[in-house]
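Undergrad: Pasting a structure below so you can have a look.
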Amino acid sequence: MAVALVAAGAPGAGAEEFGPRIIIEKIEITGNSSTADRVILRALPVAAGDELRGGDRRLREARYKLLALGFFRDVGLSLAKGSQRGYVILRVEVEERGTIVLNNFYFGVSEAVPWWLGAEVSDANFLGTGVQVGVGAVHAADSEIYGGQDQWSYRARIANPALFGSPLGVAAELTMLRASEPYLVAEAPGDGAPEDFQAFSYERRTARLGISYDLTPLSSLGVSWRLDAVSADAPPDGARVLAGDSLVNGLSVAFEHDTRPDPILPFTGSRLSISAEVGAGVWASDYDFGSALARYERWWPVLGQEHVVSLHLTGGVILGDAPLFDRFYVGDINRLLAPRAQGLVVSTQPAPDFLGTGADEVTYGDTVGLLEVEYTYLLFRRRQWVYGGRLYVGAGLVTLVAHDSADDPPLDVVMDAGIRLDTEFGIFELTLGNGLGRMPL
Amino acid sequence: MSLRVTIAATMAVVVVAAPALAGDKYIPKKMGFAEKDGFLVVTSSFTELFDERAYEGLSSGFEHNVVLRAYIYRDGGDMPVASTAATYRVIYDLWDESYDVQLIDPRGVVNWRFSSRADTLRAITEAHELPLASLRMVPVGEVFYCKVVVELNPVSDEALAEMRRWLTRRAGAERLASNASFFGTVVSVFVNPKLDQADAALTLTSQRFFRPKSAPVPKPKDH
């Protein structure tokens, strides 16, 4: 069916020539009880003394730039007459929102671990400075596995994503954890029964320092350094953790480009993320390794924005002697299993192995490949309380390969279905995978 | 196993109930259609796009845009046979106390100046003989209808992506964590302001119409 576009009026075409010529005399900010004026002034694309047209792109974008900080529920901008003809006062009225975020909530029970519970909370605008501060804690009860014990993980981080209003950001993170790592002692993986496993313990003290640079408003490049002090208590042969004290010293780079207008309920756009890390003995690392992970996702609206199809591709490889906890873990890849809770393994359940290729025999891998297709259906879109909801169903193929295994690469089916809600109180996801991965069924 | 069945059944109920919550609202609107210079043209108004707050906002000194997109469909068809667009821009000049209005549509660019806000509102919420399609696209005798989507201050996908990017960059977690789950969080609780793709939007649908063989002007026909 032919569609003839007679003409498309583009908003803002010839914008720079439209509207009266004005000079910004000063900027007045109201409504900001906790956010410092300087944080708002830095984010504005115009400043006192600027001479421009009323239709200038910078004025049109000013509201978006402030909302992009994530500190405000709403932003109102208006102009008032200045002290002489042509001069104007830019009035910025902000409505602040609470910036405390419950980023993650860890909970569940499994056959191996009676319960685990934890949360990660952050403040995106600490003391109104624009600095982000976050803490997280997880505790997992003493496991049913021989040699197992209770596990804990504590994390604190601080970040300034726009140092002095520039595209440069800095971040630091400290993590302390004690893990009780299960390993299979039975000949066959079975159904993940705790009696088929033993456990060994290790502790980690991890410090990360990173810088980031926003290449464009939608893409960024980051570099970070990690120092990980590991202390392992009698690990078994082949555990990929050195006995006693050891160090992981790694340098990583990461790139991200995200064009999704709505990252919560995406209907169009794409996201590309690539990261790589190197650890080497030449800079005092006891583990020589290199790793790379890339993920590409794209969303296509079908028949309007109600029906959306998306493609998700992930590929990763680890070379050398990466420590156990840096290898690809099956629970982080397969939605039907429990993911690690802030670095802690909380289940011994193997992959379903729907195709009978031995996927249930791999817990950690050095190569991962994942291809998923997802269909989502827009249930509703509203302006208040519950802004929108999408049903989704997804399926795909995954392979997780351990380089020291002589078997053929296993292939398994991954699938999930559920509902995602974008609400005034946050993001909620109710899925089959979440339910199955957090209960011993 | 019963728990698995319960979860599956719950999800099934949600899936089945979903269509009841879905659907856009189309507002029926009587529109005028005519033939002019080889084009089918439409005349309509959409003042209801502006509520009191938006109307007051016209005097803020900031530019406001009204973007109109019109589509013609065959009666019973899902795909448009033709479409057109128009943009209205308005800025209040604080010192001259007047409203500069610019209309960009298939006929070109037209500029007006108004001293009254009410006259300005009328000018930017009316499509007068807007060319919809070449008459060749609208054969005589077939029945058509028109959908008009109007938006106040629409936001580009890129700007919206920038505004909501903080949602995926909380506390720098994603930049630093190398061993995070691939599939994100189960729940994330925070004050989440609504950011729409436009300050306001309307979708209007016209009465059915057709081009008669003899009469030069199509005769409107009610639903």
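Please note that chains go A, B, ... in the order of the structure tokens, that every chain numbers its residues from 1, and that ligands are numbered from 1 in the order shown.
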Give the alpha helix (DSSP H) residues of region 33-157 of chain A, as assigned by DSSP on the backbone, as a list in words.

TA: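 Of region 33-157 of chain A, the ones in alpha helix (DSSP H) are Asp37, Arg38, Val39, Ile40, Leu41, Arg42, Ala43, Arg57, Arg58, Leu59, Arg60, Glu61, Ala62, Arg63, Tyr64, Lys65, Leu66 and Leu67 of chain A.
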
Undergrad: Looking only at strand (DSSP E) from DSSP on the backbone, list the matching residues of region 42-188 of chain B as a PyMOL selection string.

TA: chain B and resi 42-45+64-74+80-93+98-105+108-114+126-134+143-152+187-188

Undergrad: Restricting the calculation to only C-alpha atoms: of B:Phe62, B:Phe209, B:Phe114, B:Tyr73, which residue gets closest to chain A?

TA: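 For chain A, the nearest of the given residues is B:Phe62.
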
Undergrad: Need the shell around Val138 (chain B): protein/DNA/RNA residues with any atom at most 10 Å away, counting only C-alpha atoms. Skip same-chain ones fewer than 6 positions apart. Format as a ChimeraX atom specification?

TA: /B:39-40,72-74,81-82,132,144,210-211

Undergrad: Atoms to include: N, CA and C atoms. Write the selected residues as a tab-separated table (two decimals), in the first residue's frame.

TA:
```tsv
chain	number	residue	atom	x	y	z
B	39	PHE	N	-5.77	18.92	-5.24
B	39	PHE	CA	-5.55	18.26	-3.94
B	39	PHE	C	-6.86	18.13	-3.18
B	40	LEU	N	-6.93	17.10	-2.38
B	40	LEU	CA	-7.99	17.01	-1.39
B	40	LEU	C	-7.52	17.82	-0.19
B	72	ILE	N	-5.07	9.65	5.62
B	72	ILE	CA	-6.32	9.23	4.98
B	72	ILE	C	-6.31	7.71	4.87
B	73	TYR	N	-7.44	7.12	5.26
B	73	TYR	CA	-7.60	5.66	5.18
B	73	TYR	C	-8.81	5.34	4.31
B	74	ARG	N	-8.71	4.22	3.63
B	74	ARG	CA	-9.91	3.67	3.00
B	74	ARG	C	-10.82	3.14	4.10
B	81	VAL	N	-3.52	5.69	3.03
B	81	VAL	CA	-3.21	5.82	1.60
B	81	VAL	C	-2.44	7.12	1.34
B	82	ALA	N	-2.51	8.06	2.25
B	82	ALA	CA	-1.77	9.31	2.09
B	82	ALA	C	-1.65	9.98	3.45
B	132	LEU	N	-4.25	17.51	1.80
B	132	LEU	CA	-4.10	16.18	2.39
B	132	LEU	C	-3.42	15.22	1.44
B	144	PHE	N	-13.67	7.04	2.26
B	144	PHE	CA	-12.45	7.26	3.05
B	144	PHE	C	-12.81	7.89	4.40
B	210	PHE	N	-16.67	10.66	0.61
B	210	PHE	CA	-16.26	10.14	-0.70
B	210	PHE	C	-16.32	11.28	-1.70
B	211	ARG	N	-15.64	11.10	-2.81
B	211	ARG	CA	-15.68	12.09	-3.89
B	211	ARG	C	-16.78	11.68	-4.86
```

Undergrad: Applying 9 Å and only C-alpha atoms, which residues near Glu129 (chain B) remain after dropping the ones on its own chain fewer than 4 positions away? List them as a ChimeraX atom specification.

TA: /B:32-34,36,40-44

Undergrad: Which residues come within 10 Å of Arg226 (chain A), counting only C-alpha atoms, excluding same-chain residues fewer than 4 positions away, as a ChimeraX atom specification?

TA: /A:172-174,206-210,248-252,277,279 /B:176

Undergrad: Would you mind exporting C-alpha atoms of the selected residues as a PDB file, in the first residue's frame?

TA:
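Writing done, so here's again_36.pdb:
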```pdb
ATOM      1  CA  ALA A 172      34.594   4.680  43.308  1.00  0.00           C
ATOM      2  CA  GLU A 173      33.282   1.470  44.822  1.00  0.00           C
ATOM      3  CA  LEU A 174      34.239  -0.782  47.716  1.00  0.00           C
ATOM      4  CA  THR A 206      37.408  -5.151  46.148  1.00  0.00           C
ATOM      5  CA  ALA A 207      38.140  -1.522  45.288  1.00  0.00           C
ATOM      6  CA  ARG A 208      37.181   0.012  41.942  1.00  0.00           C
ATOM      7  CA  LEU A 209      37.993   3.449  40.633  1.00  0.00           C
ATOM      8  CA  GLY A 210      36.606   4.669  37.361  1.00  0.00           C
ATOM      9  CA  VAL A 248      43.349  -9.529  41.049  1.00  0.00           C
ATOM     10  CA  ASN A 249      44.541  -6.354  39.389  1.00  0.00           C
ATOM     11  CA  GLY A 250      42.464  -5.421  36.370  1.00  0.00           C
ATOM     12  CA  LEU A 251      42.025  -2.531  33.982  1.00  0.00           C
ATOM     13  CA  SER A 252      38.813  -2.290  32.006  1.00  0.00           C
ATOM     14  CA  GLU A 277      39.139  -6.130  31.050  1.00  0.00           C
ATOM     15  CA  GLY A 279      44.593  -8.506  34.363  1.00  0.00           C
TER      16      GLY A 279
ATOM     17  CA  LEU B 176      31.554  -0.418  37.425  1.00  0.00           C
TER      18      LEU B 176
END
```
